[in-house]
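Student: You'll find structure23.cif just under this line, and it carries mmCIF, C-alpha atoms.
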data_protein
#
loop_
_atom_site.label_atom_id
_atom_site.label_comp_id
_atom_site.auth_asym_id
_atom_site.auth_seq_id
_atom_site.Cartn_x
_atom_site.Cartn_y
_atom_site.Cartn_z
CA MET I 1 63.78 34.10 266.74
CA THR I 2 64.28 30.39 267.22
CA SER I 3 60.57 29.83 267.65
CA ASN I 4 59.84 31.80 264.50
CA LEU I 5 62.29 29.75 262.50
CA ALA I 6 60.79 26.64 263.92
CA SER I 7 57.36 27.86 262.91
CA VAL I 8 58.54 28.48 259.44
CA GLY I 9 60.10 25.07 259.34
CA ARG I 10 56.82 23.47 260.38
CA VAL I 11 55.01 25.37 257.69
CA LEU I 12 57.46 24.21 255.04
CA ALA I 13 57.30 20.70 256.28
CA ASN I 14 53.70 20.64 255.26
CA ALA I 15 53.51 19.12 251.74
CA ARG I 16 50.56 21.27 250.76
CA THR I 17 52.48 24.34 251.63
CA ARG I 18 55.45 23.23 249.64
CA ALA I 19 53.32 22.43 246.64
CA ALA I 20 51.53 25.75 246.84
CA LEU I 21 54.80 27.59 247.08
CA SER I 22 56.11 25.67 244.09
CA LEU I 23 53.05 26.62 242.13
CA GLY I 24 53.49 30.19 243.15
CA VAL I 25 57.10 30.22 242.05
CA VAL I 26 56.29 28.77 238.66
CA MET I 27 53.44 31.17 238.16
CA ALA I 28 55.50 34.14 239.20
CA VAL I 29 58.13 33.32 236.60
CA GLY I 30 55.44 33.06 233.89
CA ALA I 31 53.78 36.36 234.81
CA THR I 32 56.85 38.61 234.68
CA GLY I 33 58.06 36.67 231.63
CA THR I 34 60.02 38.05 228.70
CA PHE I 35 58.97 39.61 225.43
CA ALA I 36 59.91 37.45 222.50
CA TYR I 37 59.51 37.67 218.83
CA TRP I 38 58.55 35.07 216.38
CA THR I 39 59.76 35.78 212.91
CA ASP I 40 59.21 33.96 209.71
CA SER I 41 61.19 35.20 206.77
CA VAL I 42 61.55 33.97 203.24
CA PRO I 43 64.14 35.04 200.69
CA VAL I 44 62.91 35.17 197.14
CA THR I 45 65.63 33.92 194.81
CA GLY I 46 67.44 36.79 193.20
CA THR I 47 67.60 37.91 189.60
CA THR I 48 70.45 39.52 187.71
CA PHE I 49 69.33 42.35 185.48
CA THR I 50 71.64 43.49 182.72
CA ALA I 51 71.31 46.36 180.31
CA GLY I 52 71.37 44.68 176.95
CA THR I 53 73.81 45.66 174.23
CA ILE I 54 73.34 46.38 170.59
CA ASP I 55 76.34 46.27 168.34
CA LEU I 56 75.62 46.93 164.70
CA GLN I 57 78.26 45.64 162.36
CA VAL I 58 78.55 45.97 158.61
CA ASN I 59 80.56 43.29 156.87
CA GLY I 60 81.76 42.17 160.29
CA ALA I 61 83.16 45.52 161.33
CA ASP I 62 82.06 48.61 163.19
CA SER I 63 83.45 50.78 160.42
CA VAL I 64 84.04 49.83 156.82
CA SER I 65 86.50 51.76 154.70
CA GLY I 66 87.72 50.98 151.24
CA TYR I 67 84.44 49.44 150.14
CA THR I 68 84.98 49.26 146.39
CA SER I 69 82.05 47.17 145.20
CA LEU I 70 80.20 50.30 144.11
CA ASN I 71 83.20 51.95 142.46
CA ILE I 72 82.61 52.84 138.85
CA SER I 73 84.48 55.06 136.47
CA ASN I 74 83.31 56.64 133.25
CA MET I 75 79.70 56.16 134.17
CA VAL I 76 77.29 57.00 131.38
CA PRO I 77 73.48 57.19 131.38
CA GLY I 78 72.01 53.71 131.75
CA ASN I 79 74.95 52.30 133.65
CA THR I 80 74.32 50.58 136.97
CA VAL I 81 76.63 49.32 139.65
CA ALA I 82 75.67 47.17 142.61
CA GLY I 83 77.14 45.74 145.75
CA THR I 84 76.02 43.85 148.86
CA LEU I 85 76.56 44.57 152.52
CA THR I 86 75.95 42.23 155.44
CA ILE I 87 74.35 43.86 158.44
CA LYS I 88 74.64 42.08 161.77
CA ASN I 89 73.46 42.64 165.33
CA ASN I 90 76.41 41.54 167.42
CA GLY I 91 74.80 42.56 170.69
CA THR I 92 72.52 40.89 173.22
CA ALA I 93 69.33 42.86 172.63
CA PRO I 94 67.18 43.05 169.49
CA MET I 95 67.57 46.17 167.44
CA LYS I 96 66.19 47.94 164.43
CA TYR I 97 68.45 49.61 161.93
CA THR I 98 68.05 52.28 159.28
CA ALA I 99 70.50 53.74 156.77
CA THR I 100 71.27 57.04 155.09
CA SER I 101 73.63 58.20 152.37
CA THR I 102 75.72 61.30 151.85
CA SER I 103 78.14 62.23 149.11
CA ALA I 104 80.94 64.68 148.64
CA PRO I 105 81.15 66.65 146.56
CA ALA I 106 77.39 66.65 146.27
CA VAL I 107 77.33 67.24 142.54
CA LEU I 108 75.96 63.77 141.82
CA SER I 109 73.48 63.70 144.66
CA GLY I 110 69.93 63.76 143.42
CA ALA I 111 71.07 62.82 139.93
CA LEU I 112 71.91 59.19 140.46
CA THR I 113 69.23 56.66 141.36
CA VAL I 114 69.46 54.25 144.23
CA THR I 115 67.68 50.95 144.76
CA VAL I 116 67.98 48.80 147.88
CA THR I 117 66.75 45.20 147.95
CA GLY I 118 67.27 42.15 150.10
CA ALA I 119 69.19 40.24 147.44
CA SER I 120 72.20 38.40 148.79
CA THR I 121 74.14 38.55 145.52
CA VAL I 122 74.57 40.95 142.65
CA THR I 123 73.16 40.10 139.26
CA GLY I 124 75.43 40.79 136.33
CA THR I 125 78.59 42.84 136.34
CA SER I 126 79.45 46.53 136.20
CA PRO I 127 78.44 48.68 134.36
CA SER I 128 75.27 46.60 134.25
CA ALA I 129 75.21 45.11 137.70
CA THR I 130 71.81 45.08 139.39
CA CYS I 131 70.12 43.95 142.59
CA GLY I 132 67.41 41.37 142.17
CA GLY I 133 64.19 41.33 144.10
CA THR I 134 61.91 44.13 145.17
CA ALA I 135 62.92 47.28 146.95
CA LEU I 136 62.92 47.13 150.73
CA PRO I 137 60.12 49.00 152.54
CA GLY I 138 61.17 52.60 153.02
CA ALA I 139 64.11 52.30 150.64
CA GLY I 140 65.36 55.60 149.26
CA SER I 141 65.62 56.48 145.59
CA THR I 142 68.37 59.09 145.44
CA LEU I 143 71.76 59.68 146.99
CA GLY I 144 72.19 62.30 149.64
CA GLY I 145 74.59 65.18 149.26
CA ALA I 146 75.85 67.25 152.12
CA THR I 147 72.50 66.55 153.74
CA ALA I 148 71.85 62.90 154.34
CA ALA I 149 69.17 61.21 152.32
CA SER I 150 67.26 58.20 153.53
CA LEU I 151 68.57 54.92 152.18
CA ILE I 152 66.50 52.61 154.42
CA SER I 153 63.94 54.60 156.40
CA THR I 154 61.76 51.80 157.71
CA GLY I 155 63.59 50.17 160.59
CA ARG I 156 64.57 46.58 159.97
CA GLN I 157 64.72 44.38 163.03
CA LEU I 158 67.63 42.13 163.78
CA ASN I 159 67.60 39.88 166.82
CA PRO I 160 70.82 39.26 168.76
CA GLY I 161 73.28 37.44 166.57
CA ALA I 162 71.11 37.75 163.48
CA SER I 163 72.31 39.22 160.19
CA GLU I 164 70.94 39.99 156.79
CA THR I 165 72.29 41.12 153.46
CA VAL I 166 71.17 44.20 151.60
CA CYS I 167 71.96 44.94 147.98
CA ILE I 168 72.52 48.56 146.93
CA GLN I 169 72.25 49.47 143.28
CA VAL I 170 73.31 52.89 141.98
CA GLY I 171 72.51 53.95 138.45
CA MET I 172 72.67 56.91 136.15
CA PRO I 173 69.28 57.44 134.58
CA ALA I 174 68.99 57.62 130.84
CA GLY I 175 67.96 61.27 131.00
CA ALA I 176 70.91 62.43 133.11
CA PRO I 177 72.04 65.91 132.04
CA SER I 178 75.34 66.31 130.24
CA SER I 179 76.45 68.75 132.92
CA LEU I 180 77.29 65.75 135.01
CA GLN I 181 80.06 64.74 132.67
CA GLY I 182 83.37 64.48 134.48
CA ALA I 183 81.74 64.71 137.90
CA SER I 184 82.88 62.46 140.69
CA SER I 185 81.62 61.79 144.21
CA ALA I 186 82.59 59.72 147.21
CA VAL I 187 79.53 58.24 148.80
CA THR I 188 79.14 57.30 152.45
CA PHE I 189 76.44 54.97 153.76
CA THR I 190 75.64 55.23 157.43
CA PHE I 191 73.78 52.44 159.20
CA THR I 192 72.23 53.20 162.59
CA GLY I 193 70.87 50.69 165.07
CA THR I 194 68.54 51.35 167.99
CA SER I 195 67.04 49.24 170.76
CA ASP I 196 63.73 51.06 170.30
CA LEU I 197 61.65 48.54 168.38
CA SER I 198 58.51 50.67 168.19
CA MET H 1 45.45 11.45 249.27
CA ASN H 2 48.54 11.99 251.29
CA SER H 3 49.31 15.67 251.21
CA ARG H 4 52.93 15.01 250.37
CA ARG H 5 52.00 12.87 247.44
CA LEU H 6 49.54 15.50 246.27
CA GLY H 7 52.21 18.16 246.37
CA ALA H 8 54.60 16.04 244.39
CA PHE H 9 51.89 15.19 241.89
CA LEU H 10 51.10 18.86 241.29
CA LEU H 11 54.74 19.73 240.76
CA VAL H 12 55.33 16.92 238.32
CA THR H 13 52.19 17.80 236.37
CA LEU H 14 53.37 21.36 235.89
CA MET H 15 56.71 20.20 234.57
CA VAL H 16 55.15 17.82 232.10
CA LEU H 17 52.88 20.55 230.72
CA SER H 18 55.66 23.07 230.29
CA VAL H 19 57.85 20.61 228.45
CA ALA H 20 55.03 19.61 226.12
CA GLY H 21 54.27 23.22 225.08
CA PRO H 22 57.30 24.04 222.94
CA SER H 23 57.31 20.64 221.30
CA GLN H 24 53.75 21.10 220.15
CA ALA H 25 54.61 24.50 218.73
CA ALA H 26 57.63 23.10 216.98
CA ILE H 27 55.55 20.38 215.43
CA SER H 28 52.99 22.94 214.30
CA ALA H 29 55.68 25.13 212.75
CA ARG H 30 56.97 22.29 210.67
CA GLN H 31 53.54 21.53 209.32
CA TRP H 32 52.25 25.06 208.65
CA SER H 33 54.48 28.03 207.94
CA ARG H 34 53.35 31.33 209.42
CA LEU H 35 54.19 33.01 206.15
CA GLY H 36 52.71 31.81 202.89
CA LEU H 37 53.75 32.92 199.43
CA SER H 38 52.05 32.43 196.11
CA ARG H 39 52.62 33.63 192.59
CA MET H 40 48.97 33.78 191.60
CA GLY H 41 47.23 33.84 194.95
CA HIS H 42 45.89 30.33 194.59
CA HIS H 43 48.53 27.82 195.63
CA TRP H 44 50.51 28.62 198.75
CA SER H 45 53.90 27.45 199.86
CA PRO H 46 56.63 28.55 202.28
CA ASN H 47 58.60 30.04 199.39
CA LEU H 48 58.26 30.82 195.71
CA ASN H 49 60.77 28.15 194.65
CA LYS H 50 61.75 30.02 191.51
CA PRO H 51 63.13 33.52 190.96
CA LEU H 52 60.45 36.12 190.49
CA PHE H 53 61.92 37.48 187.26
CA GLY H 54 63.93 34.45 186.26
CA ARG H 55 67.64 34.09 186.94
CA HIS H 56 68.79 36.62 184.35
CA LEU H 57 66.99 39.31 182.43
CA ASP H 58 68.31 41.71 179.78
CA LEU H 59 66.67 45.08 179.59
CA VAL H 60 66.92 47.90 177.08
CA PRO H 61 66.16 51.60 177.62
CA GLY H 62 62.46 52.12 178.15
CA GLN H 63 61.77 48.51 179.02
CA THR H 64 59.81 47.81 182.19
CA GLU H 65 59.35 44.46 183.90
CA LYS H 66 56.81 43.92 186.69
CA ARG H 67 56.09 40.86 188.74
CA THR H 68 53.52 40.32 191.48
CA PHE H 69 53.47 37.75 194.21
CA TYR H 70 51.12 37.27 197.15
CA VAL H 71 51.82 37.10 200.86
CA ARG H 72 49.48 35.45 203.33
CA ASN H 73 49.56 35.68 207.09
CA GLN H 74 49.10 32.12 208.25
CA SER H 75 50.22 32.72 211.81
CA GLY H 76 46.75 32.80 213.25
CA GLU H 77 47.19 36.29 214.65
CA GLN H 78 47.92 39.81 213.56
CA ALA H 79 51.52 40.29 212.52
CA ARG H 80 53.88 42.73 210.91
CA LEU H 81 54.92 42.34 207.29
CA ARG H 82 58.20 43.69 206.00
CA VAL H 83 59.42 43.37 202.43
CA SER H 84 62.95 44.43 201.66
CA VAL H 85 65.06 44.39 198.53
CA ASN H 86 68.79 44.03 198.36
CA ILE H 87 70.50 45.46 195.30
CA THR H 88 74.09 44.68 194.47
CA ASN H 89 76.14 45.46 191.42
CA ALA H 90 76.39 42.48 189.20
CA HIS H 91 78.66 43.84 186.52
CA GLY H 92 81.10 46.41 187.74
CA SER H 93 79.93 49.90 188.52
CA LEU H 94 76.29 50.67 188.07
CA GLN H 95 75.16 53.83 186.36
CA ARG H 96 72.99 55.27 189.04
CA ASP H 97 70.29 56.82 186.90
CA ALA H 98 69.86 54.01 184.42
CA PHE H 99 68.00 51.43 186.49
CA ARG H 100 64.87 52.04 188.46
CA VAL H 101 63.55 49.63 191.10
CA ALA H 102 60.27 50.10 192.94
CA ALA H 103 57.72 48.10 194.92
CA ARG H 104 54.16 48.53 196.08
CA THR H 105 51.11 46.70 197.36
CA ARG H 106 47.80 46.75 195.54
CA ALA H 107 47.29 50.23 194.10
CA GLY H 108 49.49 51.99 196.62
CA TRP H 109 52.33 54.35 195.93
CA TRP H 110 55.50 53.01 194.42
CA GLN H 111 58.34 52.88 196.91
CA HIS H 112 61.48 53.62 194.92
CA VAL H 113 64.93 52.24 195.56
CA ARG H 114 67.69 54.39 194.18
CA HIS H 115 70.87 52.94 195.59
CA THR H 116 72.53 49.64 196.12
CA GLY H 117 72.23 47.88 199.43
CA SER H 118 69.32 46.58 201.45
CA HIS H 119 66.17 48.68 201.63
CA ALA H 120 62.81 48.10 203.26
CA VAL H 121 60.22 48.92 200.64
CA LEU H 122 57.04 47.75 202.31
CA TRP H 123 55.99 47.45 205.94
CA ARG H 124 52.52 47.08 207.27
CA THR H 125 50.32 45.20 209.65
CA MET H 126 48.57 42.13 208.39
CA ALA H 127 45.46 40.74 209.96
CA ARG H 128 45.43 37.03 210.50
CA GLY H 129 44.62 35.25 207.28
CA ALA H 130 45.11 38.43 205.25
CA VAL H 131 46.50 38.25 201.73
CA ILE H 132 48.52 41.08 200.27
CA PRO H 133 49.83 41.36 196.71
CA VAL H 134 53.34 42.71 196.38
CA THR H 135 54.48 44.08 193.01
CA LEU H 136 58.09 44.68 192.05
CA ARG H 137 59.05 46.80 189.07
CA VAL H 138 62.42 47.07 187.36
CA ARG H 139 63.11 49.28 184.39
CA ILE H 140 65.76 51.20 182.52
CA ARG H 141 65.12 54.84 181.86
CA PRO H 142 64.19 55.54 178.22
CA ARG H 143 67.01 58.06 177.99
CA ALA H 144 69.71 55.81 179.37
CA ASP H 145 72.62 56.20 177.00
CA ASN H 146 75.18 53.80 175.58
CA THR H 147 77.30 53.98 178.70
CA SER H 148 74.67 51.90 180.46
CA MET H 149 75.07 49.02 178.02
CA ASP H 150 76.12 45.78 179.60
CA ARG H 151 75.84 47.20 183.11
CA GLY H 152 73.57 45.47 185.55
CA LEU H 153 72.45 44.79 189.07
CA ARG H 154 71.36 41.86 191.16
CA LEU H 155 68.03 42.05 192.93
CA GLN H 156 67.03 39.91 195.89
CA VAL H 157 63.82 40.14 197.82
CA LYS H 158 63.19 39.16 201.42
CA VAL H 159 59.75 38.82 202.97
CA ARG H 160 59.44 38.80 206.73
CA LEU H 161 56.46 38.34 208.99
CA SER H 162 56.99 38.96 212.66
CA LYS H 163 55.10 39.28 215.89
CA ARG H 164 56.04 40.46 219.32
CA ILE H 165 54.65 38.05 221.88
CA ARG H 166 54.73 37.56 225.60
#
Show me this structure written as C-alpha cells.
Tutor:
Amino acid sequence: MTSNLASVGRVLANARTRAALSLGVVMAVGATGTFAYWTDSVPVTGTTFTAGTIDLQVNGADSVSGYTSLNISNMVPGNTVAGTLTIKNNGTAPMKYTATSTSAPAVLSGALTVTVTGASTVTGTSPSATCGGTALPGAGSTLGGATAASLISTGRQLNPGASETVCIQVGMPAGAPSSLQGASSAVTFTFTGTSDLS
Amino acid sequence: MNSRRLGAFLLVTLMVLSVAGPSQAAISARQWSRLGLSRMGHHWSPNLNKPLFGRHLDLVPGQTEKRTFYVRNQSGEQARLRVSVNITNAHGSLQRDAFRVAARTRAGWWQHVRHTGSHAVLWRTMARGAVIPVTLRVRIRPRADNTSMDRGLRLQVKVRLSKRIR
C-alpha cells in the first residue's frame, strides 16, 4: 500500500502529469455541461381599446317634452308653422342620424305637409313661419300617423361633439279638405343615431 | 521548457480563454440583438418603440383594426419564436362577446383569443435570418349592442425568441 501511494505521489509530482490531469478535469466539466437557454424577448407597448359611444341629443337632452315651437291653433289652409331643433352627438364615436314622425290621433297625418331644411332660424312668425333654404336630402313631405313616416331618411353624419340645427316646417296645403276642420293631433318626432356610417 | 512551467502555462491559458468567452458574448449581445422587430420589414430595431395600434383606439360595432409587424431571427442559429398577447380589462367588466382579438403569420389561420389573461397565439421555429410577419386583429362584433358602449380592454404583445443550447 505504502509503495503504491508513493508511486502515485511520484506520478503527481510530475508537472506534465499535473497539467494533463488539470486539462482532463476542465474538459470533463465542459463535456457533461448543463443545458441552458438563451432568450430574447421584447414587449410591444400596449394599446387600450374602447368601444366608442354615441349619444344623440336633441336640444341638449335625451328626451324633449313640451316642445311648443310647432304648436298652432285654428290652422287654416295656407298656414305654416316652423321650429328649429339642435341635434348633437354627445358621444365619442361618429354617428349618422335619421328622423321619423308619428301623430295621434292620425287624422291629420298625410294631410299636412312637412319640409325639413338646415336653416338655423325660422323666417317669419306663425301662422306664416317658414324654414329657409332647401330641403335636406331624404327629407319627408308628410306627417306620419300611427305608422311612422320618414322625416329625414338619408343619414346625416355628426362627428363626436358636433351638432347641427334642422328646421321643420308644417303647413296646411291650400287644397286641404274641409273634413279636417276641428281636427287636432299631437306630433312626435323621433331621431335615431347609429354608429354604422355606411 | 521546464515541465513544471509548461504545466502551469497550460493551466493559465485555459483560464484566460474561459474568462474571455462570456465577455465576448456579452459584448456581442449589446451590439446585435438576437431578435429584430420592424414595422415595415425594412428597418430593424430591438423593439418597435411605439404602440402597434397607438396608445388608445375607439372602436364601434363592425369596425376592424389590423396591424402587422415583422420579426427577424438575428441569433445566427435556428430558434423558437413565441408571440403572446395579454388582455386585461381597461374599463370595468368586459362584455365577452363584443371584442374579438386574433393573430396570425402570413396567410395562416387566425388564432383567436377569447378571454382576458395571457395567451400564446403564435409559436414556431425560425431559421436563422428568417423574417416572419405577425398580424394582429382587433374588432367589435357588428351586432354588439349598446351595453358594450364605453367598455374596453388593454392589449399587450410580447415577442420571444429562444434557443436551448449546451
Student: Counting only C-alpha atoms, select every polymer residue within 9 Å of (58.9, 45.4, 199.7) as defined in the file's coordinates, and provide the selection as a list of chain:residue names.
Tutor: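 Collected hits near the coordinates: H:Arg82, H:Val83, H:Ser84, H:Val85, H:Ala102, H:Ala103, H:Arg104, H:Thr105, H:Gln111, H:His119, H:Ala120, H:Val121, H:Leu122, H:Trp123, H:Val134, H:Thr135, H:Leu136, H:Val157, H:Lys158, H:Val159.
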Student: Could you jot down the atom CA of H:Ile140 to atom CA of H:Ala98 separation for me, Å, one decimal place?
Tutor: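 Here the two named atoms are 5.3 Å from each other.
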Student: May I have the residues within 7 Å of stretch 130-145 of chain I as number ranges by chain, using all atoms listed in the file and disregarding those fewer than 2 positions away in the same chain?
Tutor: I: 80-82, 101-104, 106, 109-110, 112-119, 122-124, 128, 147-154, 167-169
Student: Taking only residues of chain H that have an atom at most 6 Å from an atom of chain I, what is each one's shortest atom pair and its distance in Å to one decimal, using only C-alpha atoms, in chain and number order, as a tab-separated table?
Tutor:
residue	atom	partner	partner_atom	distance
H:Ser3	CA	I:Ala15	CA	5.5
H:Arg4	CA	I:Ala15	CA	4.4
H:Gly7	CA	I:Ala19	CA	4.4
H:Pro51	CA	I:Thr45	CA	4.6
H:Arg55	CA	I:Thr47	CA	4.7
H:His56	CA	I:Thr48	CA	4.7
H:Leu57	CA	I:Phe49	CA	4.9
H:Asp58	CA	I:Thr50	CA	4.8
H:Leu59	CA	I:Ala51	CA	4.9
H:Val60	CA	I:Gly52	CA	5.5
H:Met149	CA	I:Ala51	CA	5.1
H:Asp150	CA	I:Ala51	CA	4.9
H:Arg151	CA	I:Ala51	CA	5.4
H:Gly152	CA	I:Thr50	CA	4.0
H:Leu153	CA	I:Phe49	CA	5.3
H:Arg154	CA	I:Thr48	CA	4.3
H:Leu155	CA	I:Gly46	CA	5.3
H:Gln156	CA	I:Gly46	CA	4.1
H:Val157	CA	I:Val44	CA	5.1
H:Lys158	CA	I:Pro43	CA	4.3
H:Val159	CA	I:Val42	CA	5.2
H:Arg160	CA	I:Ser41	CA	4.0
H:Leu161	CA	I:Asp40	CA	5.2
H:Ser162	CA	I:Thr39	CA	4.2
H:Lys163	CA	I:Trp38	CA	5.5
H:Arg164	CA	I:Tyr37	CA	4.5
H:Ile165	CA	I:Ala36	CA	5.3
H:Arg166	CA	I:Phe35	CA	4.7
Student: Evaluate the PyMOL selection byres ((chain I and resi 175) around 12) and record the selected residues as a ChimeraX atom specification, following the chain and residue labels used in the document.
Tutor: /I:76-79,111-113,171-174,176-180
Student: Any idea what the distance is between atom CA of I:Asn159 and atom CA of I:Asn59?
Tutor: 16.7 Å
Student: Here's a test: counting all atoms listed in the file, identify every protein, DNA and RNA residue with an atom at most 10 Å from (54.8, 30.6, 205.2) in the file's coordinate frame, and state them as a short mmCIF file (atom, residue, chain, number, x, y, z; two decimals) with C-alpha atoms, keeping the file's coordinate frame.
Tutor:
data_model
loop_
_atom_site.label_atom_id
_atom_site.label_comp_id
_atom_site.auth_asym_id
_atom_site.auth_seq_id
_atom_site.Cartn_x
_atom_site.Cartn_y
_atom_site.Cartn_z
CA ASP I 40 59.21 33.96 209.71
CA SER I 41 61.19 35.20 206.77
CA VAL I 42 61.55 33.97 203.24
CA ALA H 29 55.68 25.13 212.75
CA TRP H 32 52.25 25.06 208.65
CA SER H 33 54.48 28.03 207.94
CA ARG H 34 53.35 31.33 209.42
CA LEU H 35 54.19 33.01 206.15
CA GLY H 36 52.71 31.81 202.89
CA LEU H 37 53.75 32.92 199.43
CA SER H 38 52.05 32.43 196.11
CA TRP H 44 50.51 28.62 198.75
CA SER H 45 53.90 27.45 199.86
CA PRO H 46 56.63 28.55 202.28
CA ASN H 47 58.60 30.04 199.39
CA VAL H 71 51.82 37.10 200.86
CA ARG H 72 49.48 35.45 203.33
CA ASN H 73 49.56 35.68 207.09
CA GLN H 74 49.10 32.12 208.25
CA SER H 75 50.22 32.72 211.81
CA VAL H 159 59.75 38.82 202.97
CA ARG H 160 59.44 38.80 206.73
CA LEU H 161 56.46 38.34 208.99
#
Student: In Å to one decimal, how far is atom CA of H:Ala127 from atom CA of H:Ile87?
Tutor: 29.4 Å
Student: I would like the residues chosen by the PyMOL selection byres ((chain I and resi 71) around 12) on the shown file; could you give them as an mmCIF file with C-alpha atoms, in the frame of the given file?
Tutor:
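Written output follows (part01.cif):
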data_model
loop_
_atom_site.group_PDB
_atom_site.id
_atom_site.type_symbol
_atom_site.label_atom_id
_atom_site.label_comp_id
_atom_site.auth_asym_id
_atom_site.auth_seq_id
_atom_site.Cartn_x
_atom_site.Cartn_y
_atom_site.Cartn_z
ATOM 1 C CA GLY I 66 87.720 50.980 151.240
ATOM 2 C CA TYR I 67 84.440 49.440 150.140
ATOM 3 C CA THR I 68 84.980 49.260 146.390
ATOM 4 C CA SER I 69 82.050 47.170 145.200
ATOM 5 C CA LEU I 70 80.200 50.300 144.110
ATOM 6 C CA ILE I 72 82.610 52.840 138.850
ATOM 7 C CA SER I 73 84.480 55.060 136.470
ATOM 8 C CA ASN I 74 83.310 56.640 133.250
ATOM 9 C CA MET I 75 79.700 56.160 134.170
ATOM 10 C CA THR I 80 74.320 50.580 136.970
ATOM 11 C CA VAL I 81 76.630 49.320 139.650
ATOM 12 C CA ALA I 82 75.670 47.170 142.610
ATOM 13 C CA GLY I 83 77.140 45.740 145.750
ATOM 14 C CA THR I 125 78.590 42.840 136.340
ATOM 15 C CA SER I 126 79.450 46.530 136.200
ATOM 16 C CA PRO I 127 78.440 48.680 134.360
ATOM 17 C CA ALA I 129 75.210 45.110 137.700
ATOM 18 C CA GLN I 169 72.250 49.470 143.280
ATOM 19 C CA VAL I 170 73.310 52.890 141.980
ATOM 20 C CA GLY I 171 72.510 53.950 138.450
ATOM 21 C CA SER I 184 82.880 62.460 140.690
ATOM 22 C CA SER I 185 81.620 61.790 144.210
ATOM 23 C CA ALA I 186 82.590 59.720 147.210
ATOM 24 C CA VAL I 187 79.530 58.240 148.800
#
Student: Reconstruct stretch 35-52 of chain I at the level of N, CA and C atoms, and format the result as a tab-separated table (two decimals), in the frame of the given file.
Tutor:
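The result, written out as part38.tsv:
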chain	number	residue	atom	x	y	z
I	35	PHE	N	59.55	39.38	226.74
I	35	PHE	CA	58.97	39.61	225.43
I	35	PHE	C	59.82	38.88	224.39
I	36	ALA	N	59.18	38.16	223.55
I	36	ALA	CA	59.91	37.45	222.50
I	36	ALA	C	59.27	37.73	221.16
I	37	TYR	N	60.00	37.49	220.19
I	37	TYR	CA	59.51	37.67	218.83
I	37	TYR	C	59.46	36.33	218.12
I	38	TRP	N	58.42	36.12	217.36
I	38	TRP	CA	58.55	35.07	216.38
I	38	TRP	C	58.69	35.77	215.04
I	39	THR	N	59.50	35.21	214.21
I	39	THR	CA	59.76	35.78	212.91
I	39	THR	C	59.82	34.67	211.88
I	40	ASP	N	59.14	34.89	210.83
I	40	ASP	CA	59.21	33.96	209.71
I	40	ASP	C	59.64	34.79	208.49
I	41	SER	N	60.73	34.44	207.92
I	41	SER	CA	61.19	35.20	206.77
I	41	SER	C	61.53	34.27	205.62
I	42	VAL	N	61.33	34.76	204.45
I	42	VAL	CA	61.55	33.97	203.24
I	42	VAL	C	62.33	34.81	202.24
I	43	PRO	N	63.47	34.33	201.78
I	43	PRO	CA	64.14	35.04	200.69
I	43	PRO	C	63.58	34.56	199.36
I	44	VAL	N	63.34	35.50	198.49
I	44	VAL	CA	62.91	35.17	197.14
I	44	VAL	C	64.15	35.18	196.27
I	45	THR	N	64.39	34.09	195.58
I	45	THR	CA	65.63	33.92	194.81
I	45	THR	C	65.87	35.12	193.90
I	46	GLY	N	67.10	35.56	193.89
I	46	GLY	CA	67.44	36.79	193.20
I	46	GLY	C	67.52	36.66	191.69
I	47	THR	N	67.50	37.81	191.05
I	47	THR	CA	67.60	37.91	189.60
I	47	THR	C	68.70	38.89	189.26
I	48	THR	N	69.45	38.59	188.21
I	48	THR	CA	70.45	39.52	187.71
I	48	THR	C	69.88	40.23	186.50
I	49	PHE	N	69.80	41.53	186.59
I	49	PHE	CA	69.33	42.35	185.48
I	49	PHE	C	70.54	42.96	184.79
I	50	THR	N	70.55	42.92	183.48
I	50	THR	CA	71.64	43.49	182.72
I	50	THR	C	71.08	44.37	181.62
I	51	ALA	N	71.68	45.52	181.44
I	51	ALA	CA	71.31	46.36	180.31
I	51	ALA	C	71.85	45.69	179.06
I	52	GLY	N	70.96	45.37	178.16
I	52	GLY	CA	71.37	44.68	176.95
I	52	GLY	C	72.26	45.55	176.08
